[in-house]
Protein chains: 2
Amino acid sequence: MPADPKQRRAARHAQPPTPPAPKTGRKAPITVTRITDAALEVVATQGYDALTMRSVAAVLGTGPASLYAHVVNKADIDELIIGRLCTELALPEPDPARWRAQIHDVCAQLRDQYLKYPGISRAALAMVVTNLDVLRVNEGMLAILLAGGIKPQTAAWAIDALSLYVSAYTLEISLARRRNPQDDAVAIAPDERNELVSRFAALPPDQFPQTRRYAAELTSGTGHERFDFTLGLILDNLAERRSSR
Amino acid sequence: MPADPKQRRAARHAQPPTPPAPKTGRKAPITVTRITDAALEVVATQGYDALTMRSVAAVLGTGPASLYAHVVNKADIDELIIGRLCTELALPEPDPARWRAQIHDVCAQLRDQYLKYPGISRAALAMVVTNLDVLRVNEGMLAILLAGGIKPQTAAWAIDALSLYVSAYTLEISLARRRNPQDDAVAIAPDERNELVSRFAALPPDQFPQTRRYAAELTSGTGHERFDFTLGLILDNLAERRSSR
DNA sequence: CTATACAACGAACATCGTTCGTGTCAACGT
DNA sequence: ACGTTGACACGAACGATGTTCGTTGTATAG
């Protein structure tokens, strides 16, 4: 057990991290696991902006300095919570006949996890892709696409595109929800949509003819229609290129 | 001329902002334009993380408090610089025969603007879409897609997907560059790629067979190959759906 | 010439991430 | 059985951030 937390992080990046002996020390010692739990609790209840060293420490009933014995950075905490999120994902056994549905399902799981923790995708976008748990998800998606007969290069780039889109999409939704916290709906809140439409309608007609005309389309997208649409765009085309080239 | 900067922002959101009388006040008064220039200079030279109220004020040779007479927030400055970036984009006259190339070109312009100001896409991802200059770009892209015969609903959602992807892609590249600042290459730095490949190779073979086998593909993508690939995925499929449905 | 309005500023506040030095308690060696 | 050791936890503090308050200077209106 290295005392240096940097070595701990390096160890976490390496092989299976030896599910670290949950021996119940007499009175609640601070562990990396408890820090991760506390951080996720903060994000789930107050959003990612409220995730500070102090708020995490407060959940654990201590001060911020106590965390630095187990964690290098705040960035380290970000990595921990994203890793935990990825752990929760269920990766299916690749089925060549159902690769499209399987990939969509994994992306939807990731999307819902991100949405459960508002704003957390900002951490995902800023993270290094070397985390083991994240790599596990990438491996799972790669396996699905390869089983579907997609060329390795295409599959690799498609996974990158999908990951980026899921993060950006959920970030956008989380921001919109923060503006109208009362709606837990998935898409744009009705009143916010009305405000948007009226603002579009108030634009100068000579400069914004199309935006005015199609304000309804621009603000539409109930449920995850927009999400499904974009995933469909990408996946359909992967299928196209499966045999050709 | 309202004294309240909030009213100024509201005014900026409204009609053509009356190219605001560049009368050269005798000795360099602080204006919104100069603040925007200073902010962009800071981001271009030191990156988005260095964009603070104090750094902007320092470029203007004053203290942070002086900015709040012209600007509501730091978020307001973010909005200003993103708006300025969008102003620089050249929107072509829609040509039904070349809609695909035209959209690709606009996205590439946006990408290069974002890359000129490292990390600035974080501001773009966190921004409201009500800014006039941003709406102008949206209008331009919408016009191109509609001229290409694409269904309005499809066009609207595709623009959303494209914008999100460009922001996320450039953010990822900016972060990678900050890790290896000496390379101004567009893709993954050679040494970083080697490090990535070797790290992939060191993964446990039973859990990461595909990642190990296709490490080369996963880390490939010189130039903007990855970018062009994803845009192609989306655009090709738009063409598909142009006539059908 | 005086009064008024407003841009500009210095100082300060609250909060953030992070570090330093000290305490404190359990396990170990002799 | 006792003293030592060492890792862990913590309080206090530092620098930096966004933002606000009250004052100062100056240019224009009366």
# chains A, B, ... in the order shown; residues from 1 in each chain; ligands from 1
call {"tool": "closest_atom_pairs", "arguments": {"of": "chain A", "to": "chain B", "cutoff": "8 Å", "atoms": "only C-alpha atoms", "output": "Markdown table"}}
result
| residue | atom | partner | partner_atom | distance |
| --- | --- | --- | --- | --- |
| A:Ala14 | CA | B:Leu203 | CA | 7.9 |
| A:Gln15 | CA | B:Pro204 | CA | 6.9 |
| A:Leu125 | CA | B:Glu172 | CA | 7.2 |
| A:Ala126 | CA | B:Leu175 | CA | 7.2 |
| A:Arg136 | CA | B:Phe208 | CA | 7.3 |
| A:Asn138 | CA | B:Thr211 | CA | 8.0 |
| A:Glu139 | CA | B:Thr211 | CA | 5.8 |
| A:Leu142 | CA | B:Gln210 | CA | 6.9 |
| A:Ala143 | CA | B:Gln210 | CA | 6.5 |
| A:Pro152 | CA | B:Glu217 | CA | 6.7 |
| A:Gln153 | CA | B:Glu217 | CA | 5.1 |
| A:Ala156 | CA | B:Leu218 | CA | 5.1 |
| A:Trp157 | CA | B:Arg226 | CA | 6.3 |
| A:Ala158 | CA | B:Thr230 | CA | 7.2 |
| A:Ala161 | CA | B:Thr230 | CA | 6.4 |
| A:Leu164 | CA | B:Ala168 | CA | 5.9 |
| A:Tyr165 | CA | B:Tyr165 | CA | 5.9 |
| A:Ala168 | CA | B:Leu164 | CA | 5.9 |
| A:Tyr169 | CA | B:Leu164 | CA | 7.1 |
| A:Leu171 | CA | B:Leu125 | CA | 7.8 |
| A:Glu172 | CA | B:Leu125 | CA | 7.1 |
| A:Leu175 | CA | B:Ala126 | CA | 7.2 |
| A:Leu203 | CA | B:Gln15 | CA | 7.2 |
| A:Pro204 | CA | B:Gln15 | CA | 6.8 |
| A:Gln207 | CA | B:Arg136 | CA | 7.8 |
| A:Phe208 | CA | B:Glu139 | CA | 6.2 |
| A:Pro209 | CA | B:Glu139 | CA | 7.9 |
| A:Gln210 | CA | B:Glu139 | CA | 6.3 |
| A:Thr211 | CA | B:Glu139 | CA | 5.8 |
| A:Tyr214 | CA | B:Pro152 | CA | 7.0 |
| A:Glu217 | CA | B:Gln153 | CA | 5.2 |
| A:Leu218 | CA | B:Ala156 | CA | 5.1 |
| A:Arg226 | CA | B:Trp157 | CA | 6.3 |
| A:Phe229 | CA | B:Trp157 | CA | 7.6 |
| A:Thr230 | CA | B:Ala161 | CA | 6.5 |
| A:Leu233 | CA | B:Ile234 | CA | 5.6 |
| A:Ile234 | CA | B:Leu233 | CA | 5.6 |
| A:Asp236 | CA | B:Asn237 | CA | 7.3 |
| A:Asn237 | CA | B:Leu233 | CA | 5.8 |
| A:Leu238 | CA | B:Leu233 | CA | 7.5 |
call {"tool": "write_last_selection", "arguments": {"atoms": "C-alpha atoms", "output": "mmCIF file, in the first residue's frame"}}
result
data_model
loop_
_atom_site.group_PDB
_atom_site.id
_atom_site.type_symbol
_atom_site.label_atom_id
_atom_site.label_comp_id
_atom_site.auth_asym_id
_atom_site.auth_seq_id
_atom_site.Cartn_x
_atom_site.Cartn_y
_atom_site.Cartn_z
ATOM 1 C CA ALA A 14 -2.980 -0.588 -13.936
ATOM 2 C CA GLN A 15 -4.351 -4.102 -13.615
ATOM 3 C CA LEU A 125 -15.119 15.734 -21.968
ATOM 4 C CA ALA A 126 -12.034 16.959 -20.139
ATOM 5 C CA ARG A 136 -13.567 -1.166 -20.689
ATOM 6 C CA ASN A 138 -14.566 1.352 -25.370
ATOM 7 C CA GLU A 139 -13.519 -2.272 -25.600
ATOM 8 C CA LEU A 142 -15.403 -1.991 -30.242
ATOM 9 C CA ALA A 143 -16.260 -5.657 -29.820
ATOM 10 C CA PRO A 152 -11.638 -1.715 -37.535
ATOM 11 C CA GLN A 153 -10.625 1.772 -38.593
ATOM 12 C CA ALA A 156 -12.536 3.084 -33.934
ATOM 13 C CA TRP A 157 -13.471 6.442 -35.360
ATOM 14 C CA ALA A 158 -17.172 5.809 -34.944
ATOM 15 C CA ALA A 161 -17.622 10.207 -32.613
ATOM 16 C CA LEU A 164 -18.052 12.825 -28.071
ATOM 17 C CA TYR A 165 -21.652 13.241 -29.152
ATOM 18 C CA ALA A 168 -21.903 16.972 -25.687
ATOM 19 C CA TYR A 169 -25.597 16.094 -25.939
ATOM 20 C CA LEU A 171 -24.025 18.446 -21.334
ATOM 21 C CA GLU A 172 -26.388 20.564 -23.383
ATOM 22 C CA LEU A 175 -27.436 23.076 -18.918
ATOM 23 C CA LEU A 203 -35.664 38.163 -35.349
ATOM 24 C CA PRO A 204 -35.211 40.554 -38.266
ATOM 25 C CA GLN A 207 -31.418 38.330 -41.984
ATOM 26 C CA PHE A 208 -33.108 35.282 -40.498
ATOM 27 C CA PRO A 209 -35.778 34.080 -42.916
ATOM 28 C CA GLN A 210 -35.170 30.357 -42.460
ATOM 29 C CA THR A 211 -34.782 30.518 -38.692
ATOM 30 C CA TYR A 214 -38.657 26.819 -39.195
ATOM 31 C CA GLU A 217 -38.449 22.465 -36.189
ATOM 32 C CA LEU A 218 -35.405 24.095 -34.631
ATOM 33 C CA ARG A 226 -32.855 14.296 -31.308
ATOM 34 C CA PHE A 229 -31.863 10.823 -34.783
ATOM 35 C CA THR A 230 -28.158 11.566 -34.573
ATOM 36 C CA LEU A 233 -27.384 9.085 -38.760
ATOM 37 C CA ILE A 234 -24.066 7.660 -37.630
ATOM 38 C CA ASP A 236 -27.001 3.807 -40.543
ATOM 39 C CA ASN A 237 -23.970 4.973 -42.397
ATOM 40 C CA LEU A 238 -21.737 2.517 -40.635
#
call {"tool": "residues_around", "arguments": {"residues": "Ile144 in chain A", "least_positions_apart": "6", "cutoff": "8 Å", "atoms": "only C-alpha atoms (C1' of nucleotides)", "output": "MDAnalysis selection string"}}
result
chainID A and resid 93:96 99 102:103
call {"tool": "residues_around", "arguments": {"residues": "range 24-27 of chain C", "least_positions_apart": "4", "cutoff": "10 Å", "atoms": "only C-alpha atoms (C1' of nucleotides)", "output": "list in words"}}
result
DT5, DG6, DA7, DC8, DA9 and DC10 of chain D
call {"tool": "interface_residues", "arguments": {"of": "chain C", "to": "chain B", "cutoff": "12 Å", "atoms": "only C-alpha atoms (C1' of nucleotides)", "output": "PyMOL selection string"}}
result
chain C and resi 5-12
call {"tool": "write_last_selection", "arguments": {"atoms": "N, CA and C atoms (P, O5', C5', C4', C3', O3' and C1' of nucleotides)", "output": "PDB file, in the first residue's frame"}}
result
ATOM      1  P    DA C   5     -27.732  63.717 -11.649  1.00  0.00           P
ATOM      2  O5'  DA C   5     -27.174  62.758 -12.795  1.00  0.00           O
ATOM      3  C5'  DA C   5     -26.966  63.289 -14.109  1.00  0.00           C
ATOM      4  C4'  DA C   5     -25.832  62.539 -14.788  1.00  0.00           C
ATOM      5  C3'  DA C   5     -25.799  61.045 -14.491  1.00  0.00           C
ATOM      6  O3'  DA C   5     -25.570  60.336 -15.697  1.00  0.00           O
ATOM      7  C1'  DA C   5     -23.700  61.997 -13.985  1.00  0.00           C
ATOM      8  P    DC C   6     -26.010  58.788 -15.879  1.00  0.00           P
ATOM      9  O5'  DC C   6     -24.653  58.125 -16.377  1.00  0.00           O
ATOM     10  C5'  DC C   6     -23.765  58.873 -17.195  1.00  0.00           C
ATOM     11  C4'  DC C   6     -22.329  58.465 -16.937  1.00  0.00           C
ATOM     12  C3'  DC C   6     -22.156  56.980 -16.577  1.00  0.00           C
ATOM     13  O3'  DC C   6     -21.125  56.445 -17.372  1.00  0.00           O
ATOM     14  C1'  DC C   6     -20.959  58.324 -15.083  1.00  0.00           C
ATOM     15  P    DA C   7     -21.145  54.910 -17.841  1.00  0.00           P
ATOM     16  O5'  DA C   7     -19.623  54.622 -18.246  1.00  0.00           O
ATOM     17  C5'  DA C   7     -18.953  55.528 -19.098  1.00  0.00           C
ATOM     18  C4'  DA C   7     -17.565  55.816 -18.562  1.00  0.00           C
ATOM     19  C3'  DA C   7     -16.682  54.588 -18.380  1.00  0.00           C
ATOM     20  O3'  DA C   7     -15.368  54.892 -18.830  1.00  0.00           O
ATOM     21  C1'  DA C   7     -16.825  55.755 -16.334  1.00  0.00           C
ATOM     22  P    DA C   8     -14.340  53.635 -19.032  1.00  0.00           P
ATOM     23  O5'  DA C   8     -13.520  53.643 -17.660  1.00  0.00           O
ATOM     24  C5'  DA C   8     -12.622  54.697 -17.390  1.00  0.00           C
ATOM     25  C4'  DA C   8     -12.081  54.575 -15.988  1.00  0.00           C
ATOM     26  C3'  DA C   8     -11.400  53.245 -15.667  1.00  0.00           C
ATOM     27  O3'  DA C   8     -10.013  53.484 -15.459  1.00  0.00           O
ATOM     28  C1'  DA C   8     -12.809  53.986 -13.889  1.00  0.00           C
ATOM     29  P    DC C   9      -9.017  52.256 -15.218  1.00  0.00           P
ATOM     30  O5'  DC C   9      -8.969  52.167 -13.631  1.00  0.00           O
ATOM     31  C5'  DC C   9      -8.741  53.349 -12.883  1.00  0.00           C
ATOM     32  C4'  DC C   9      -9.070  53.130 -11.429  1.00  0.00           C
ATOM     33  C3'  DC C   9      -8.446  51.873 -10.808  1.00  0.00           C
ATOM     34  O3'  DC C   9      -7.475  52.279  -9.863  1.00  0.00           O
ATOM     35  C1'  DC C   9     -10.670  52.247 -10.054  1.00  0.00           C
ATOM     36  P    DG C  10      -6.249  51.314  -9.556  1.00  0.00           P
ATOM     37  O5'  DG C  10      -6.276  51.220  -7.967  1.00  0.00           O
ATOM     38  C5'  DG C  10      -6.513  52.394  -7.206  1.00  0.00           C
ATOM     39  C4'  DG C  10      -7.070  52.017  -5.843  1.00  0.00           C
ATOM     40  C3'  DG C  10      -6.403  50.798  -5.210  1.00  0.00           C
ATOM     41  O3'  DG C  10      -6.068  51.092  -3.858  1.00  0.00           O
ATOM     42  C1'  DG C  10      -8.752  50.450  -5.368  1.00  0.00           C
ATOM     43  P    DA C  11      -5.372  49.989  -2.941  1.00  0.00           P
ATOM     44  O5'  DA C  11      -6.597  49.340  -2.144  1.00  0.00           O
ATOM     45  C5'  DA C  11      -7.576  50.195  -1.580  1.00  0.00           C
ATOM     46  C4'  DA C  11      -8.718  49.381  -0.985  1.00  0.00           C
ATOM     47  C3'  DA C  11      -8.275  48.112  -0.241  1.00  0.00           C
ATOM     48  O3'  DA C  11      -8.830  48.103   1.062  1.00  0.00           O
ATOM     49  C1'  DA C  11      -9.967  47.589  -1.827  1.00  0.00           C
ATOM     50  P    DA C  12      -8.461  46.948   2.124  1.00  0.00           P
ATOM     51  O5'  DA C  12      -9.714  45.961   2.058  1.00  0.00           O
ATOM     52  C5'  DA C  12     -11.020  46.516   2.179  1.00  0.00           C
ATOM     53  C4'  DA C  12     -12.048  45.517   1.685  1.00  0.00           C
ATOM     54  C3'  DA C  12     -11.904  44.111   2.283  1.00  0.00           C
ATOM     55  O3'  DA C  12     -12.963  43.882   3.192  1.00  0.00           O
ATOM     56  C1'  DA C  12     -12.371  44.059  -0.068  1.00  0.00           C
TER      57       DA C  12
END
call {"tool": "closest_atom_pairs", "arguments": {"of": "chain D", "to": "chain B", "cutoff": "9 Å", "atoms": "only C-alpha atoms (C1' of nucleotides)", "output": "Markdown table"}}
result
| residue | atom | partner | partner_atom | distance |
| --- | --- | --- | --- | --- |
| D:DT17 | C1' | B:Thr52 | CA | 7.7 |
| D:DG18 | C1' | B:Met53 | CA | 7.5 |
| D:DT19 | C1' | B:Ala65 | CA | 8.3 |
| D:DT20 | C1' | B:Ala65 | CA | 8.7 |
call {"tool": "select_by_dssp", "arguments": {"residues": "range 34-245 of chain B", "states": "helix (DSSP H, G or I)", "output": "MDAnalysis selection string"}}
result
chainID B and resid 34:46 48:50 53:59 64:69 74:88 96:116 121:125 132:147 152:179 190:201 209:213 215:219 225:243
call {"tool": "residues_around", "arguments": {"residues": "Ile81 in chain A", "least_positions_apart": "6", "cutoff": "8 Å", "atoms": "only C-alpha atoms (C1' of nucleotides)", "output": "PDB file with N, CA and C atoms, in the first residue's frame"}}
result
ATOM      1  N   THR A  36     -15.430   8.608  -3.688  1.00  0.00           N
ATOM      2  CA  THR A  36     -16.190   8.529  -4.937  1.00  0.00           C
ATOM      3  C   THR A  36     -17.684   8.568  -4.669  1.00  0.00           C
ATOM      4  N   ALA A  39     -18.700  12.074  -3.713  1.00  0.00           N
ATOM      5  CA  ALA A  39     -18.677  12.991  -4.859  1.00  0.00           C
ATOM      6  C   ALA A  39     -19.904  12.775  -5.738  1.00  0.00           C
ATOM      7  N   LEU A  40     -20.250  11.527  -5.983  1.00  0.00           N
ATOM      8  CA  LEU A  40     -21.417  11.255  -6.818  1.00  0.00           C
ATOM      9  C   LEU A  40     -22.691  11.738  -6.142  1.00  0.00           C
TER      10      LEU A  40
END
call {"tool": "residues_around", "arguments": {"residues": "DG21 in chain C", "least_positions_apart": "6", "cutoff": "12 Å", "atoms": "only C-alpha atoms (C1' of nucleotides)", "output": "list in words"}}
result
DC10, DG11, DA12 and DA13 of chain D
call {"tool": "write_last_selection", "arguments": {"atoms": "C-alpha atoms (C1' of nucleotides)", "output": "PDB file, in the first residue's frame"}}
result
ATOM      1  C1'  DC D  10      -7.096  17.586  10.338  1.00  0.00           C
ATOM      2  C1'  DG D  11      -6.888  22.889  11.231  1.00  0.00           C
ATOM      3  C1'  DA D  12      -4.981  26.799   9.387  1.00  0.00           C
ATOM      4  C1'  DA D  13      -3.281  29.150   5.856  1.00  0.00           C
TER       5       DA D  13
END
